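The file target.cif comes next; it holds mmCIF, C-alpha atoms and all ligand atoms.
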data_coords
loop_
_atom_site.label_atom_id
_atom_site.label_comp_id
_atom_site.auth_asym_id
_atom_site.auth_seq_id
_atom_site.Cartn_x
_atom_site.Cartn_y
_atom_site.Cartn_z
CA MET Q 84 -8.75 25.66 -76.97
CA ARG Q 85 -7.21 22.33 -77.99
CA LYS Q 86 -4.76 20.35 -75.93
CA ILE Q 87 -2.32 17.89 -77.49
CA SER Q 88 -0.06 15.86 -75.19
CA VAL Q 89 3.48 14.84 -76.08
CA LYS Q 90 4.95 11.76 -74.42
CA THR Q 91 8.51 10.68 -75.13
CA PRO Q 92 10.99 8.57 -73.15
CA PHE Q 93 12.90 11.71 -72.18
CA GLY Q 94 10.12 14.14 -71.38
CA ALA Q 95 6.47 14.93 -71.70
CA GLY Q 96 4.54 18.10 -72.25
CA GLY Q 97 1.24 19.65 -73.15
CA ILE Q 98 0.60 21.85 -76.15
CA TYR Q 99 -2.31 24.27 -75.80
CA ILE Q 100 -3.56 25.88 -79.01
CA GLY Q 101 -6.08 28.71 -79.15
CA GLN Q 102 -6.74 32.32 -78.28
CA GLU Q 103 -7.44 31.33 -74.69
CA ALA Q 104 -4.20 29.40 -74.26
CA LEU Q 105 -2.29 32.17 -72.47
CA GLU Q 106 -5.10 33.17 -70.13
CA ALA Q 107 -5.91 29.54 -69.41
CA ARG Q 108 -2.36 28.46 -68.58
CA LEU Q 109 -0.08 31.37 -67.67
CA PRO Q 110 -1.59 32.40 -64.30
CA ALA Q 111 -1.24 28.83 -63.02
CA LEU Q 112 2.21 28.34 -64.54
CA THR Q 113 3.67 31.53 -63.06
CA LYS Q 114 1.97 31.59 -59.62
CA GLY Q 115 4.13 31.08 -56.52
CA GLN Q 116 7.09 30.36 -58.80
CA GLU Q 117 10.45 31.81 -59.56
CA ASN Q 118 10.17 32.72 -63.25
CA PHE Q 119 12.51 34.05 -65.91
CA VAL Q 120 11.59 35.37 -69.37
CA VAL Q 121 13.69 35.27 -72.52
CA THR Q 122 12.43 37.33 -75.44
CA ASP Q 123 13.75 39.62 -78.17
CA GLU Q 124 13.52 43.34 -78.87
CA ASN Q 125 10.86 43.01 -81.59
CA VAL Q 126 8.53 40.90 -79.48
CA TYR Q 127 9.11 43.03 -76.39
CA THR Q 128 8.24 46.21 -78.29
CA LEU Q 129 5.15 44.76 -79.97
CA TYR Q 130 3.69 43.00 -76.94
CA GLY Q 131 4.40 45.32 -74.00
CA ASN Q 132 0.90 44.70 -72.60
CA PHE Q 133 1.35 40.95 -72.66
CA PHE Q 134 4.56 41.24 -70.60
CA LYS Q 135 2.92 43.70 -68.15
CA ARG Q 136 -0.05 41.44 -67.70
CA TYR Q 137 1.70 38.14 -67.07
CA PHE Q 138 5.30 38.96 -66.21
CA ALA Q 139 5.25 42.34 -64.41
CA GLU Q 140 7.39 41.10 -61.52
CA THR Q 141 9.52 38.69 -63.52
CA HIS Q 142 13.22 38.92 -64.36
CA ALA Q 143 13.67 39.06 -68.11
CA ILE Q 144 16.39 39.24 -70.70
CA VAL Q 145 15.59 40.98 -73.98
CA LEU Q 146 17.87 39.79 -76.81
CA PRO Q 147 18.67 41.55 -80.05
CA ALA Q 148 16.50 39.99 -82.78
CA GLY Q 149 17.80 37.72 -85.54
CA GLU Q 150 19.60 34.47 -86.37
CA ALA Q 151 22.98 36.26 -86.19
CA HIS Q 152 22.57 36.29 -82.40
CA LYS Q 153 21.88 32.57 -82.07
CA ASN Q 154 25.36 31.91 -80.77
CA PHE Q 155 27.44 31.14 -77.67
CA GLN Q 156 27.79 34.79 -76.70
CA THR Q 157 24.03 35.22 -76.42
CA LEU Q 158 23.67 31.86 -74.68
CA TYR Q 159 26.32 32.93 -72.18
CA GLN Q 160 24.52 36.25 -71.57
CA ILE Q 161 21.29 34.42 -70.79
CA LEU Q 162 22.99 31.98 -68.42
CA GLU Q 163 24.91 34.77 -66.74
CA CYS Q 164 21.72 36.75 -66.21
CA MET Q 165 19.95 33.68 -64.78
CA SER Q 166 22.80 33.16 -62.38
CA GLN Q 167 23.03 36.86 -61.43
CA VAL Q 168 19.37 37.02 -60.46
CA GLY Q 169 19.93 33.88 -58.39
CA LEU Q 170 17.49 31.49 -60.05
CA HIS Q 171 17.15 28.11 -58.36
CA ARG Q 172 16.71 24.79 -60.11
CA THR Q 173 12.96 24.92 -59.41
CA ALA Q 174 12.69 28.10 -61.50
CA ARG Q 175 10.72 28.14 -64.76
CA LEU Q 176 11.93 29.77 -67.94
CA PHE Q 177 9.49 31.25 -70.46
CA ALA Q 178 10.71 31.59 -74.06
CA VAL Q 179 8.57 34.22 -75.78
CA GLY Q 180 9.40 34.73 -79.44
CA GLY Q 181 10.23 33.08 -82.73
CA GLY Q 182 12.49 30.15 -83.55
CA VAL Q 183 15.74 31.81 -82.53
CA VAL Q 184 14.47 32.79 -79.06
CA GLY Q 185 12.88 29.36 -78.56
CA ASP Q 186 16.01 27.44 -79.59
CA ILE Q 187 18.48 29.45 -77.55
CA ALA Q 188 16.27 29.86 -74.46
CA GLY Q 189 15.53 26.12 -74.55
CA LEU Q 190 19.25 25.39 -74.61
CA ALA Q 191 19.81 27.75 -71.66
CA ALA Q 192 17.02 25.92 -69.78
CA SER Q 193 18.65 22.57 -70.56
CA LEU Q 194 22.03 23.72 -69.21
CA TYR Q 195 21.19 25.83 -66.18
CA MET Q 196 21.74 23.67 -63.10
CA ARG Q 197 21.67 20.66 -65.47
CA GLY Q 198 18.19 21.48 -66.63
CA ILE Q 199 15.19 23.49 -65.47
CA ASP Q 200 11.59 23.50 -66.71
CA TYR Q 201 10.68 25.81 -69.53
CA VAL Q 202 7.60 26.91 -71.42
CA GLN Q 203 7.55 27.83 -75.09
CA ILE Q 204 5.34 30.76 -76.13
CA PRO Q 205 5.98 30.93 -79.88
CA THR Q 206 5.03 34.19 -81.59
CA THR Q 207 5.84 33.46 -85.25
CA LEU Q 208 4.11 31.05 -87.61
CA LEU Q 209 7.33 29.08 -88.05
CA ALA Q 210 7.85 28.70 -84.31
CA GLN Q 211 4.18 27.85 -83.68
CA VAL Q 212 4.02 25.23 -86.35
CA ASP Q 213 7.41 23.61 -85.87
CA SER Q 214 10.33 24.77 -83.77
CA SER Q 215 8.56 25.25 -80.41
CA VAL Q 216 7.37 21.62 -80.44
CA GLY Q 217 9.61 18.60 -80.03
CA GLY Q 218 12.35 19.69 -77.65
CA LYS Q 219 15.19 20.54 -80.04
CA THR Q 220 17.29 23.40 -78.69
CA ALA Q 221 20.48 24.80 -80.22
CA VAL Q 222 22.87 27.58 -81.17
CA ASP Q 223 24.96 27.92 -84.35
CA LEU Q 224 28.76 27.71 -84.37
CA ASN Q 225 31.39 28.47 -87.04
CA GLY Q 226 28.75 28.93 -89.71
CA VAL Q 227 27.07 25.59 -88.99
CA LYS Q 228 23.44 25.74 -88.03
CA ASN Q 229 22.23 24.19 -84.77
CA VAL Q 230 25.48 22.32 -84.26
CA ILE Q 231 25.57 22.80 -80.48
CA GLY Q 232 22.38 21.79 -78.77
CA ALA Q 233 20.38 19.43 -76.63
CA PHE Q 234 17.05 17.68 -76.62
CA HIS Q 235 15.03 19.20 -73.80
CA GLN Q 236 11.25 18.95 -73.94
CA PRO Q 237 9.29 22.04 -72.89
CA MET Q 238 6.84 21.33 -70.07
CA GLU Q 239 4.20 23.26 -72.04
CA VAL Q 240 3.87 25.04 -75.37
CA LEU Q 241 1.25 27.80 -75.50
CA VAL Q 242 0.25 28.56 -79.09
CA ASP Q 243 -1.88 31.67 -79.41
CA PRO Q 244 -2.71 32.41 -83.08
CA THR Q 245 -3.44 36.05 -82.15
CA PHE Q 246 0.32 36.62 -82.40
CA LEU Q 247 0.10 35.88 -86.12
CA LYS Q 248 -1.89 39.09 -86.72
CA THR Q 249 1.21 41.26 -86.48
CA LEU Q 250 3.34 39.13 -88.80
CA SER Q 251 4.52 40.48 -92.14
CA ALA Q 252 3.83 38.61 -95.39
CA ARG Q 253 7.47 37.58 -95.32
CA GLU Q 254 7.06 35.97 -91.88
CA ILE Q 255 3.98 34.11 -93.14
CA LYS Q 256 6.00 32.89 -96.12
CA CYS Q 257 8.70 31.63 -93.72
CA GLY Q 258 6.16 29.68 -91.67
CA LEU Q 259 4.80 28.17 -94.88
CA GLY Q 260 8.26 26.68 -95.44
CA GLU Q 261 7.71 24.33 -92.49
CA ILE Q 262 3.98 23.89 -93.21
CA VAL Q 263 4.71 22.65 -96.75
CA LYS Q 264 7.24 20.26 -95.21
CA TYR Q 265 4.39 18.74 -93.16
CA GLY Q 266 2.40 18.56 -96.41
CA THR Q 267 5.01 16.14 -97.76
CA LEU Q 268 4.55 13.89 -94.70
CA ASP Q 269 0.80 13.86 -94.27
CA GLU Q 270 -1.81 13.23 -96.96
CA GLU Q 271 -4.50 15.39 -95.35
CA ILE Q 272 -2.19 18.38 -94.99
CA PHE Q 273 -1.08 17.90 -98.59
CA ASP Q 274 -4.69 17.93 -99.80
CA LEU Q 275 -5.43 21.08 -97.80
CA LEU Q 276 -2.40 22.79 -99.36
CA ASP Q 277 -3.13 21.47 -102.83
CA THR Q 278 -6.76 22.58 -102.91
CA ARG Q 279 -6.51 25.92 -101.07
CA GLN Q 280 -3.45 27.59 -102.54
CA ALA Q 281 -5.29 30.91 -102.87
CA GLU Q 282 -5.65 30.98 -99.05
CA PHE Q 283 -1.97 30.76 -98.12
CA ASP Q 284 -2.12 34.21 -96.57
CA SER Q 285 -5.44 33.72 -94.76
CA LEU Q 286 -5.07 33.60 -90.97
CA ASP Q 287 -8.11 31.32 -90.64
CA PHE Q 288 -6.57 28.81 -93.02
CA LEU Q 289 -3.19 29.05 -91.31
CA GLU Q 290 -4.84 28.37 -87.95
CA GLU Q 291 -6.41 25.21 -89.39
CA LEU Q 292 -3.03 24.11 -90.74
CA LEU Q 293 -1.34 24.92 -87.45
CA VAL Q 294 -3.30 22.29 -85.55
CA ALA Q 295 -2.78 19.64 -88.25
CA CYS Q 296 0.97 20.29 -88.45
CA ILE Q 297 1.45 20.21 -84.67
CA ARG Q 298 -0.42 16.88 -84.49
CA LYS Q 299 1.86 15.49 -87.19
CA LYS Q 300 4.99 16.76 -85.48
CA VAL Q 301 3.94 15.28 -82.14
CA ALA Q 302 3.34 11.89 -83.80
CA VAL Q 303 6.83 11.95 -85.34
CA VAL Q 304 8.57 13.12 -82.15
CA GLU Q 305 6.82 10.47 -80.05
CA LEU Q 306 8.13 7.79 -82.42
CA ASP Q 307 11.72 9.03 -82.53
CA GLU Q 308 12.55 11.86 -80.16
CA ARG Q 309 16.33 11.73 -80.72
CA GLU Q 310 16.23 11.57 -84.54
CA SER Q 311 17.71 8.14 -85.03
CA GLY Q 312 15.25 7.33 -87.81
CA GLU Q 313 11.76 8.64 -88.45
CA ARG Q 314 12.41 12.18 -87.22
CA LYS Q 315 14.82 12.70 -90.13
CA CYS Q 316 11.68 13.32 -92.20
CA LEU Q 317 11.45 16.72 -90.50
CA ASN Q 318 14.55 17.72 -92.47
CA ILE Q 319 12.89 17.64 -95.88
CA GLY Q 320 14.18 20.64 -97.84
CA HIS Q 321 16.62 21.47 -95.06
CA THR Q 322 19.96 20.16 -96.41
CA THR Q 323 20.02 22.44 -99.44
CA GLY Q 324 17.89 24.94 -97.49
CA HIS Q 325 20.53 25.33 -94.77
CA ALA Q 326 23.24 25.82 -97.42
CA ILE Q 327 21.14 28.56 -99.07
CA GLU Q 328 20.41 30.12 -95.68
CA LEU Q 329 24.10 30.25 -94.70
CA TRP Q 330 25.15 31.70 -98.03
CA SER Q 331 22.35 34.14 -98.75
CA GLY Q 332 21.26 35.41 -95.36
CA LEU Q 333 17.65 34.63 -96.34
CA SER Q 334 15.54 33.54 -93.40
CA HIS Q 335 15.23 29.88 -92.41
CA GLY Q 336 11.69 29.35 -93.70
CA GLU Q 337 12.21 30.90 -97.11
CA SER Q 338 15.51 29.01 -97.53
CA VAL Q 339 13.63 25.80 -96.70
CA LEU Q 340 11.08 26.61 -99.42
CA TYR Q 341 13.88 27.07 -101.96
CA GLY Q 342 15.62 23.95 -100.63
CA MET Q 343 12.42 21.96 -100.91
CA TYR Q 344 11.93 23.09 -104.49
CA LEU Q 345 15.44 22.04 -105.49
CA GLU Q 346 15.46 18.78 -103.53
CA THR Q 347 12.06 17.77 -104.95
CA LYS Q 348 13.54 18.27 -108.41
CA LEU Q 349 16.60 16.22 -107.38
CA SER Q 350 14.33 13.48 -106.09
CA MET Q 351 12.30 13.49 -109.33
CA ASP Q 352 15.54 13.40 -111.32
CA ALA Q 353 16.76 10.41 -109.30
CA GLY Q 354 13.53 8.54 -110.10
CA ILE Q 355 12.46 8.59 -106.45
CA CYS Q 356 9.70 11.17 -106.39
CA ASP Q 357 6.58 10.36 -108.40
CA ILE Q 358 6.51 12.89 -111.25
CA ALA Q 359 2.82 13.89 -111.09
CA TYR Q 360 2.98 14.26 -107.31
CA GLY Q 361 6.29 16.13 -107.53
CA GLU Q 362 4.80 18.63 -110.01
CA LYS Q 363 1.94 19.32 -107.58
CA LEU Q 364 4.39 19.77 -104.72
CA LEU Q 365 6.49 22.21 -106.75
CA LYS Q 366 3.36 24.26 -107.50
CA ILE Q 367 2.55 24.42 -103.79
CA VAL Q 368 6.10 25.59 -102.98
CA GLU Q 369 5.90 28.19 -105.73
CA ASN Q 370 2.61 29.56 -104.40
CA ALA Q 371 4.00 29.65 -100.86
CA LEU Q 372 6.91 31.73 -102.18
CA ARG Q 373 4.42 34.01 -103.95
CA VAL Q 374 2.92 35.09 -100.60
CA GLN Q 375 5.81 37.54 -100.63
CA PRO Q 376 7.39 37.15 -104.05
CA GLN Q 377 10.94 38.31 -104.08
CA ASN Q 378 13.91 36.64 -105.65
CA GLU Q 379 16.48 38.18 -103.36
CA VAL Q 380 19.18 35.75 -104.46
CA ASP Q 381 20.20 34.08 -107.67
CA LEU Q 382 20.10 30.37 -106.87
CA THR Q 383 21.68 29.47 -110.20
CA GLU Q 384 24.97 30.56 -108.59
CA VAL Q 385 25.24 27.01 -107.25
CA ASP Q 386 29.03 27.20 -106.78
CA GLU Q 387 28.47 29.88 -104.15
CA TYR Q 388 26.47 27.70 -101.78
CA VAL Q 389 26.76 24.04 -102.79
CA SER Q 390 29.77 23.21 -100.61
CA LEU Q 391 27.91 24.49 -97.53
CA ALA Q 392 25.62 21.45 -97.83
CA MET Q 393 28.64 19.35 -96.80
CA LEU Q 394 28.37 20.90 -93.32
CA ASP Q 395 24.92 19.46 -92.75
CA LYS Q 396 24.59 17.38 -89.57
CA LYS Q 397 22.96 14.46 -91.40
CA ASN Q 398 26.08 13.78 -93.50
CA LEU Q 399 28.30 10.89 -92.42
CA GLY Q 400 31.70 12.19 -93.56
CA ASP Q 401 31.86 9.86 -96.59
CA GLY Q 402 31.68 12.59 -99.23
CA LYS Q 403 27.97 12.02 -99.77
CA ILE Q 404 25.12 14.44 -99.22
CA GLN Q 405 22.24 12.98 -97.22
CA MET Q 406 18.81 14.42 -97.83
CA ALA Q 407 15.31 13.57 -96.66
CA VAL Q 408 13.17 13.87 -99.81
CA ALA Q 409 9.56 13.56 -100.88
CA LYS Q 410 8.63 10.29 -102.58
CA GLU Q 411 4.89 10.11 -103.09
CA LYS Q 412 1.86 11.45 -101.26
CA GLY Q 413 2.50 11.07 -97.52
CA LYS Q 414 5.79 9.21 -98.12
CA TRP Q 415 9.42 10.23 -97.91
CA THR Q 416 12.81 8.59 -98.02
CA MET Q 417 16.52 9.36 -97.59
CA LEU Q 418 18.47 10.19 -100.75
CA SER Q 419 22.25 9.92 -100.64
CA LEU Q 420 24.23 11.49 -103.51
CA ASP Q 421 27.96 11.84 -104.14
CA PHE Q 422 28.85 15.47 -103.75
CA ASP Q 423 29.85 15.82 -107.44
CA GLU Q 424 26.58 14.33 -108.61
CA TYR Q 425 24.60 16.50 -106.18
CA LYS Q 426 26.35 19.56 -107.55
CA LEU Q 427 25.81 18.57 -111.17
CA VAL Q 428 22.08 17.93 -110.81
CA LEU Q 429 21.66 21.03 -108.67
CA GLN Q 430 23.23 23.12 -111.43
CA THR Q 431 20.55 21.89 -113.85
CA VAL Q 432 17.53 22.11 -111.58
CA ALA Q 433 18.48 25.54 -110.21
CA GLN Q 434 18.06 26.90 -113.77
CA GLU Q 435 14.43 25.79 -113.56
CA MET Q 436 13.62 27.81 -110.41
CA PRO Q 437 10.73 30.09 -111.30
CA ILE Q 438 11.43 33.82 -111.37
CA LEU Q 439 8.84 35.22 -109.01
CA GLN Q 440 7.05 38.40 -109.88
CA ARG Q 441 4.03 40.00 -108.33
N1 LIG O 501 12.59 21.16 -86.86
C1 LIG O 501 12.91 19.80 -87.09
C2 LIG O 501 12.75 18.95 -85.87
O1 LIG O 501 12.23 19.41 -84.88
O2 LIG O 501 13.15 17.82 -85.88
#
Write the structure described by the file as structure tokens, please.
Amino acid sequence: MRKISVKTPFGAGGIYIGQEALEARLPALTKGQENFVVTDENVYTLYGNFFKRYFAETHAIVLPAGEAHKNFQTLYQILECMSQVGLHRTARLFAVGGGVVGDIAGLAASLYMRGIDYVQIPTTLLAQVDSSVGGKTAVDLNGVKNVIGAFHQPMEVLVDPTFLKTLSAREIKCGLGEIVKYGTLDEEIFDLLDTRQAEFDSLDFLEELLVACIRKKVAVVELDERESGERKCLNIGHTTGHAIELWSGLSHGESVLYGMYLETKLSMDAGICDIAYGEKLLKIVENALRVQPQNEVDLTEVDEYVSLAMLDKKNLGDGKIQMAVAKEKGKWTMLSLDFDEYKLVLQTVAQEMPILQR
């Protein structure tokens, strides 16, 4: 088992990665403690034995699964349940699930009695590699993603790769969306992705990537916990990706892959992204999409989703679209485009999206 520590001005935590992480940490974390579990129906059904073993006596709320439930109503239900069972401010919340569970449970933990400790137990590749680490918590509102939230660092994150065994190819593809993002920020991760594209669905390879991506994320979060500068790099692919996600109903990770493809093209078009590097990056994105190749949406219908990019939190209200984009190996920068120009270039590059077939 590996331990990586996170230290920021607003909170610190430990991240434990390995098949022993749960057994090594959960008995100590739950003993003599008031605990509360937040999970979803899918995870609860799949991992009944896990809940019996570690949380037999624990109050729990089981949420319906899916991004559609990442809203105030669900947040309210969690808080109401915490209050009904009479949790005190010394209680500990355990978020067991994917990105939606982690984000919403983390926000509940940040609000209840002005903040209680919580532990992230991510069960999807996307949550293990990205969303469970770094203390961002949120719900969506009025069609805008993550617009209501708080920074609240988990006291611990327990990453057990065994959970990945039950994931579908589509879930793996979603996790690759965030993994490829780390590839644009870190030369070693990029080389791993570039040279081992045939292994994108291998659990051993994903486990190797998992550790590298978490290390990278921790380094970024320690530099800039509140996203005033460096942490913006973690939004590569996300501006257009969020617009695609809101319009299409595709999952977050696959929308990020599509967003990264289009924004890399935009960055190449603007003369920012090195062409040879950009071509390699596009190939990596394409092969990540091929892990479960399905063109569920026609991205050439740019008019359908382009205006949703205006809702992105990074924009400053000046009619420009702000994007974090790849530049060269291990380097990124912000690209700011007038909305009309963004739309025009997007219309061209969207025609170049590969049609994926098995
Ligand atoms: N998922 C992006 C971030 O944590 O900043």
Contacts of ligand LIG 501 (chain O), 9 Å or closer, all atoms listed in the file, given as a VMD selection string
chain Q and resid 213 to 220 261 300 303 to 304 308 to 310 314 to 318 321
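The gap separating CA of Ala191 in chain Q from CA of Leu105 in chain Q is 22.6 Å, in Å to one decimal.
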Mind checking which residues fall within 12 Å of range 231-233 of chain Q, counting all atoms listed in the file, ignoring those fewer than 5 positions away in the same chain, and posting them as a PyMOL selection string?
chain Q and resi 93+153-155+158+186-194+197-198+217-226+308-310+396
With distances taken over only C-alpha atoms, which of Q:Ile297, Q:Val89, Q:Ala139, Q:Val202 is nearest to Gly180 in chain Q?
Q:Val202
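We find CA of Met406 in chain Q and CA of Ser390 in chain Q to be spaced 14.3 Å apart.
Nearest residue to Ile199 in chain Q among Q:Lys348, Q:His235, Q:Lys228, Q:Lys403 is Q:His235, counting only C-alpha atoms.
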